[in-house]
$ cat final-v9.pdb   # PDB, C-alpha atoms
ATOM      1  CA  MET A  25      11.651  -1.974 -16.301
ATOM      2  CA  PRO A  26      10.306   1.357 -15.009
ATOM      3  CA  ILE A  27      11.797   4.659 -16.037
ATOM      4  CA  VAL A  28      13.827   6.130 -13.211
ATOM      5  CA  CYS A  29      14.148   9.882 -12.925
ATOM      6  CA  HIS A  30      16.868  10.974 -10.563
ATOM      7  CA  VAL A  31      16.136  14.381  -9.121
ATOM      8  CA  PRO A  32      17.702  15.797  -5.958
ATOM      9  CA  GLN A  33      14.415  15.808  -4.006
ATOM     10  CA  GLY A  34      13.505  12.215  -4.923
ATOM     11  CA  VAL A  35      10.207  13.029  -6.641
ATOM     12  CA  ASP A  36       8.960   9.927  -8.457
ATOM     13  CA  ILE A  37       7.944  11.715 -11.636
ATOM     14  CA  PRO A  38       6.706   8.648 -13.597
ATOM     15  CA  THR A  39       4.479   7.514 -10.719
ATOM     16  CA  CYS A  40       3.163  11.037 -10.177
ATOM     17  CA  PHE A  41       2.253  11.416 -13.847
ATOM     18  CA  SER A  42       0.847   7.905 -14.163
ATOM     19  CA  SER A  43      -1.462   8.293 -11.161
ATOM     20  CA  TYR A  44      -2.570  11.739 -12.284
ATOM     21  CA  ASN A  45      -3.310  10.465 -15.786
ATOM     22  CA  ASP A  46      -5.253   7.486 -14.427
ATOM     23  CA  LYS A  47      -7.343   9.803 -12.260
ATOM     24  CA  SER A  48      -7.997  12.112 -15.227
ATOM     25  CA  ILE A  49      -8.921   9.263 -17.583
ATOM     26  CA  PHE A  50     -10.714   6.772 -15.352
ATOM     27  CA  GLY A  51     -11.790   8.872 -12.379
ATOM     28  CA  GLY A  52     -12.701   7.170  -9.147
ATOM     29  CA  PHE A  53     -10.761   6.773  -5.948
ATOM     30  CA  LYS A  54      -8.316   3.999  -6.920
ATOM     31  CA  PRO A  55      -5.727   6.227  -8.690
ATOM     32  CA  GLN A  56      -5.661   8.488  -5.641
ATOM     33  CA  VAL A  57      -5.055   5.554  -3.307
ATOM     34  CA  MET A  58      -2.350   4.182  -5.595
ATOM     35  CA  TYR A  59      -0.614   7.569  -5.663
ATOM     36  CA  VAL A  60      -0.650   7.987  -1.873
ATOM     37  CA  ASN A  61       0.627   4.443  -1.349
ATOM     38  CA  ALA A  62       3.333   4.736  -3.997
ATOM     39  CA  THR A  63       4.715   8.104  -2.925
ATOM     40  CA  GLU A  64       4.262   7.889   0.883
ATOM     41  CA  ASP A  65       5.281  11.549   1.380
ATOM     42  CA  LYS A  66       8.821  10.669   0.233
ATOM     43  CA  SER A  67       8.476  11.031  -3.514
ATOM     44  CA  ALA A  68       5.257  13.025  -3.911
ATOM     45  CA  ALA A  69       4.809  15.864  -6.380
ATOM     46  CA  TYR A  70       4.690  18.503  -3.650
ATOM     47  CA  LYS A  71       8.358  17.736  -2.846
ATOM     48  CA  CYS A  72       9.383  19.423  -6.116
ATOM     49  CA  THR A  73      11.533  22.503  -5.481
ATOM     50  CA  GLN A  74      11.462  23.612  -9.120
ATOM     51  CA  CYS A  75      15.217  23.145  -9.532
ATOM     52  CA  GLY A  76      14.791  22.280 -13.227
ATOM     53  CA  VAL A  77      17.088  19.224 -13.260
ATOM     54  CA  CYS A  78      14.273  17.007 -14.553
ATOM     55  CA  GLU A  79      13.339  19.348 -17.401
ATOM     56  CA  LYS A  80      16.923  19.484 -18.623
ATOM     57  CA  LYS A  81      17.043  15.673 -18.745
ATOM     58  CA  CYS A  82      13.577  15.085 -20.234
ATOM     59  CA  PRO A  83      13.869  13.748 -23.821
ATOM     60  CA  GLN A  84      10.204  14.627 -24.467
ATOM     61  CA  GLU A  85      10.669  18.252 -23.376
ATOM     62  CA  ILE A  86       7.693  18.037 -21.017
ATOM     63  CA  PRO A  87       7.218  21.110 -18.789
ATOM     64  CA  ILE A  88       7.622  18.869 -15.747
ATOM     65  CA  ILE A  89       7.637  21.620 -13.141
ATOM     66  CA  GLU A  90       4.254  22.942 -14.288
ATOM     67  CA  GLU A  91       2.814  19.444 -14.628
ATOM     68  CA  LEU A  92       3.978  18.494 -11.120
ATOM     69  CA  LYS A  93       2.138  21.553  -9.825
ATOM     70  CA  ASN A  94      -1.020  20.177 -11.481
ATOM     71  CA  VAL A  95      -0.397  16.743  -9.983
ATOM     72  CA  SER A  96       0.155  18.185  -6.534
ATOM     73  CA  LYS A  97      -2.971  20.342  -6.715
ATOM     74  CA  SER A  98      -5.068  17.325  -7.644
ATOM     75  CA  MET A  99      -3.428  14.473  -5.742
ATOM     76  CA  ASP A 100      -1.690  15.872  -2.640
ATOM     77  CA  LYS A 101      -4.670  16.589  -0.444
ATOM     78  CA  TRP A 102      -3.952  16.361   3.292
ATOM     79  CA  TYR A 103      -7.021  14.223   3.905
ATOM     80  CA  TYR A 104      -5.876  11.601   1.368
ATOM     81  CA  ARG A 105      -2.508  11.393   3.130
ATOM     82  CA  LEU A 106      -4.220  11.045   6.518
ATOM     83  CA  LEU A 107      -6.563   8.383   5.193
ATOM     84  CA  GLY A 108      -3.599   6.490   3.734
ATOM     85  CA  LYS A 109      -1.841   6.502   7.105
ATOM     86  CA  ILE A 110      -4.956   5.296   8.902
ATOM     87  CA  VAL A 111      -5.463   2.469   6.413
ATOM     88  CA  LYS A 112      -1.830   1.374   6.854
ATOM     89  CA  LEU A 113      -2.196   1.365  10.628
ATOM     90  CA  ILE A 114      -5.272  -0.831  10.363
ATOM     91  CA  ILE A 115      -3.762  -3.218   7.827
ATOM     92  CA  TYR A 116      -0.285  -3.535   9.328
ATOM     93  CA  ARG A 117      -1.005  -3.595  13.076
TER      94      ARG A 117
END
$ encode --input "final-v9.pdb" --output "structure tokens"
Amino acid sequence: MPIVCHVPQGVDIPTCFSSYNDKSIFGGFKPQVMYVNATEDKSAAYKCTQCGVCEKKCPQEIPIIEELKNVSKSMDKWYYRLLGKIVKLIIYR
């Protein structure tokens, strides 16, 4: 069962970190595609408002706000989002 992090903005922290880690470790385009498909603008790292709720709840004391900034810088490129939307239109028409 996946870990669920409830934050007011709905950022899917485990998916953000997992995709970012996969991209860092394995490289390639697949982790980027998986991230865009999984977050669909609703739960992406860039939605973080730095409220700190997640850091207070984190048992590992990870600096989540700073790490989400890294994720967003690497994974939330406008052209990846656009490409994801185009692919969905083609697949699901």
$ residues_near_point --input "final-v9.pdb" --point "(1.4, 22.9, -5.5)" --cutoff "12 Å" --atoms "all atoms listed in the file" --output "number ranges by chain"
A: 68-74, 89-101
$ resolve_selection --input "final-v9.pdb" --expression "the PyMOL selection byres ((chain A and resi 59) around 8)" --output "list in words"
Thr39, Cys40, Ser43, Pro55, Gln56, Val57, Met58, Val60, Asn61, Ala62, Thr63 and Met99 of chain A
$ atom_distance --input "final-v9.pdb" --atom1 "CA of Pro87 in chain A" --atom2 "CA of Ser67 in chain A"
18.3 Å
$ closest_residue --input "final-v9.pdb" --among "A:Lys80, A:Arg117, A:Arg105, A:Lys66" --to "Val35 in chain A" --atoms "all atoms listed in the file"
A:Lys66
$ atom_distance --input "final-v9.pdb" --atom1 "CA of Trp102 in chain A" --atom2 "CA of Asp65 in chain A"
10.6 Å
$ atom_distance --input "final-v9.pdb" --atom1 "CA of Gln33 in chain A" --atom2 "CA of Cys82 in chain A"
16.3 Å
$ closest_residue --input "final-v9.pdb" --among "A:Val111, A:Leu106, A:Ile37, A:Ile88" --to "Cys75 in chain A" --atoms "only C-alpha atoms"
A:Ile88
$ closest_residue --input "final-v9.pdb" --among "A:Asp36, A:Asp46, A:Glu79, A:Glu64" --to "Gly108 in chain A" --atoms "only C-alpha atoms"
A:Glu64
$ decode --input "final-v9.pdb" --residues "chain A" --atoms "C-alpha atoms" --output "PDB file, in the first residue's frame"
ATOM      1  CA  MET A  25       0.000   0.000   0.000  1.00  0.00           C
ATOM      2  CA  PRO A  26       1.455   3.391  -0.977  1.00  0.00           C
ATOM      3  CA  ILE A  27       2.312   6.021   1.578  1.00  0.00           C
ATOM      4  CA  VAL A  28      -0.234   8.810   1.510  1.00  0.00           C
ATOM      5  CA  CYS A  29       0.824  12.303   2.481  1.00  0.00           C
ATOM      6  CA  HIS A  30      -2.072  14.622   3.113  1.00  0.00           C
ATOM      7  CA  VAL A  31      -1.106  18.214   2.488  1.00  0.00           C
ATOM      8  CA  PRO A  32      -3.553  21.056   1.855  1.00  0.00           C
ATOM      9  CA  GLN A  33      -2.424  21.587  -1.759  1.00  0.00           C
ATOM     10  CA  GLY A  34      -2.631  17.890  -2.689  1.00  0.00           C
ATOM     11  CA  VAL A  35       1.022  17.490  -3.682  1.00  0.00           C
ATOM     12  CA  ASP A  36       1.782  13.789  -4.134  1.00  0.00           C
ATOM     13  CA  ILE A  37       5.096  13.842  -2.304  1.00  0.00           C
ATOM     14  CA  PRO A  38       5.950  10.109  -2.645  1.00  0.00           C
ATOM     15  CA  THR A  39       5.337  10.154  -6.406  1.00  0.00           C
ATOM     16  CA  CYS A  40       7.297  13.382  -6.820  1.00  0.00           C
ATOM     17  CA  PHE A  41      10.286  11.977  -4.940  1.00  0.00           C
ATOM     18  CA  SER A  42      10.097   8.568  -6.598  1.00  0.00           C
ATOM     19  CA  SER A  43      10.056  10.010 -10.121  1.00  0.00           C
ATOM     20  CA  TYR A  44      12.843  12.446  -9.305  1.00  0.00           C
ATOM     21  CA  ASN A  45      14.970   9.667  -7.827  1.00  0.00           C
ATOM     22  CA  ASP A  46      14.356   7.424 -10.842  1.00  0.00           C
ATOM     23  CA  LYS A  47      15.413  10.227 -13.178  1.00  0.00           C
ATOM     24  CA  SER A  48      18.549  10.877 -11.103  1.00  0.00           C
ATOM     25  CA  ILE A  49      19.505   7.194 -10.906  1.00  0.00           C
ATOM     26  CA  PHE A  50      18.451   5.790 -14.270  1.00  0.00           C
ATOM     27  CA  GLY A  51      18.231   8.871 -16.475  1.00  0.00           C
ATOM     28  CA  GLY A  52      16.265   8.711 -19.683  1.00  0.00           C
ATOM     29  CA  PHE A  53      12.832  10.000 -20.526  1.00  0.00           C
ATOM     30  CA  LYS A  54      10.632   7.365 -18.844  1.00  0.00           C
ATOM     31  CA  PRO A  55      10.750   8.826 -15.287  1.00  0.00           C
ATOM     32  CA  GLN A  56       9.749  12.207 -16.696  1.00  0.00           C
ATOM     33  CA  VAL A  57       6.785  10.713 -18.541  1.00  0.00           C
ATOM     34  CA  MET A  58       5.738   8.760 -15.456  1.00  0.00           C
ATOM     35  CA  TYR A  59       5.879  11.922 -13.340  1.00  0.00           C
ATOM     36  CA  VAL A  60       3.788  13.988 -15.771  1.00  0.00           C
ATOM     37  CA  ASN A  61       1.206  11.214 -16.096  1.00  0.00           C
ATOM     38  CA  ALA A  62       1.020  10.577 -12.356  1.00  0.00           C
ATOM     39  CA  THR A  63       0.716  14.195 -11.250  1.00  0.00           C
ATOM     40  CA  GLU A  64      -1.338  15.661 -14.145  1.00  0.00           C
ATOM     41  CA  ASP A  65      -0.930  19.242 -12.842  1.00  0.00           C
ATOM     42  CA  LYS A  66      -3.056  18.327  -9.799  1.00  0.00           C
ATOM     43  CA  SER A  67      -0.423  16.932  -7.473  1.00  0.00           C
ATOM     44  CA  ALA A  68       2.840  18.178  -8.991  1.00  0.00           C
ATOM     45  CA  ALA A  69       5.737  19.544  -6.967  1.00  0.00           C
ATOM     46  CA  TYR A  70       5.203  23.097  -8.202  1.00  0.00           C
ATOM     47  CA  LYS A  71       1.859  23.170  -6.331  1.00  0.00           C
ATOM     48  CA  CYS A  72       3.762  23.311  -3.023  1.00  0.00           C
ATOM     49  CA  THR A  73       3.072  26.560  -1.156  1.00  0.00           C
ATOM     50  CA  GLN A  74       5.740  25.906   1.478  1.00  0.00           C
ATOM     51  CA  CYS A  75       3.182  25.709   4.290  1.00  0.00           C
ATOM     52  CA  GLY A  76       5.365  23.240   6.219  1.00  0.00           C
ATOM     53  CA  VAL A  77       2.595  20.759   7.105  1.00  0.00           C
ATOM     54  CA  CYS A  78       4.479  17.911   5.419  1.00  0.00           C
ATOM     55  CA  GLU A  79       7.752  18.612   7.225  1.00  0.00           C
ATOM     56  CA  LYS A  80       6.034  18.570  10.602  1.00  0.00           C
ATOM     57  CA  LYS A  81       4.545  15.145   9.820  1.00  0.00           C
ATOM     58  CA  CYS A  82       7.634  13.584   8.209  1.00  0.00           C
ATOM     59  CA  PRO A  83       9.068  10.821  10.456  1.00  0.00           C
ATOM     60  CA  GLN A  84      12.357  10.920   8.510  1.00  0.00           C
ATOM     61  CA  GLU A  85      12.783  14.676   9.019  1.00  0.00           C
ATOM     62  CA  ILE A  86      13.362  15.223   5.299  1.00  0.00           C
ATOM     63  CA  PRO A  87      13.546  18.897   4.253  1.00  0.00           C
ATOM     64  CA  ILE A  88      10.567  18.315   1.969  1.00  0.00           C
ATOM     65  CA  ILE A  89      10.058  21.926   0.939  1.00  0.00           C
ATOM     66  CA  GLU A  90      13.623  22.223  -0.366  1.00  0.00           C
ATOM     67  CA  GLU A  91      13.477  18.811  -2.029  1.00  0.00           C
ATOM     68  CA  LEU A  92      10.187  19.665  -3.765  1.00  0.00           C
ATOM     69  CA  LYS A  93      11.880  22.763  -5.162  1.00  0.00           C
ATOM     70  CA  ASN A  94      14.549  20.462  -6.642  1.00  0.00           C
ATOM     71  CA  VAL A  95      11.881  18.151  -8.046  1.00  0.00           C
ATOM     72  CA  SER A  96       9.982  21.036  -9.580  1.00  0.00           C
ATOM     73  CA  LYS A  97      13.112  22.535 -11.134  1.00  0.00           C
ATOM     74  CA  SER A  98      13.966  19.216 -12.753  1.00  0.00           C
ATOM     75  CA  MET A  99      10.570  17.713 -13.561  1.00  0.00           C
ATOM     76  CA  ASP A 100       8.034  20.530 -14.037  1.00  0.00           C
ATOM     77  CA  LYS A 101       9.075  21.831 -17.420  1.00  0.00           C
ATOM     78  CA  TRP A 102       6.239  23.380 -19.441  1.00  0.00           C
ATOM     79  CA  TYR A 103       7.186  21.428 -22.549  1.00  0.00           C
ATOM     80  CA  TYR A 104       6.894  18.087 -20.712  1.00  0.00           C
ATOM     81  CA  ARG A 105       3.400  19.053 -19.548  1.00  0.00           C
ATOM     82  CA  LEU A 106       2.426  20.079 -23.087  1.00  0.00           C
ATOM     83  CA  LEU A 107       3.827  16.871 -24.530  1.00  0.00           C
ATOM     84  CA  GLY A 108       1.899  14.855 -21.939  1.00  0.00           C
ATOM     85  CA  LYS A 109      -1.352  16.565 -22.923  1.00  0.00           C
ATOM     86  CA  ILE A 110      -0.722  15.966 -26.616  1.00  0.00           C
ATOM     87  CA  VAL A 111       0.032  12.287 -26.030  1.00  0.00           C
ATOM     88  CA  LYS A 112      -3.196  11.902 -24.025  1.00  0.00           C
ATOM     89  CA  LEU A 113      -5.213  13.546 -26.784  1.00  0.00           C
ATOM     90  CA  ILE A 114      -3.756  11.149 -29.330  1.00  0.00           C
ATOM     91  CA  ILE A 115      -4.213   8.055 -27.178  1.00  0.00           C
ATOM     92  CA  TYR A 116      -7.668   8.819 -25.791  1.00  0.00           C
ATOM     93  CA  ARG A 117      -9.440  10.368 -28.795  1.00  0.00           C
TER      94      ARG A 117
END
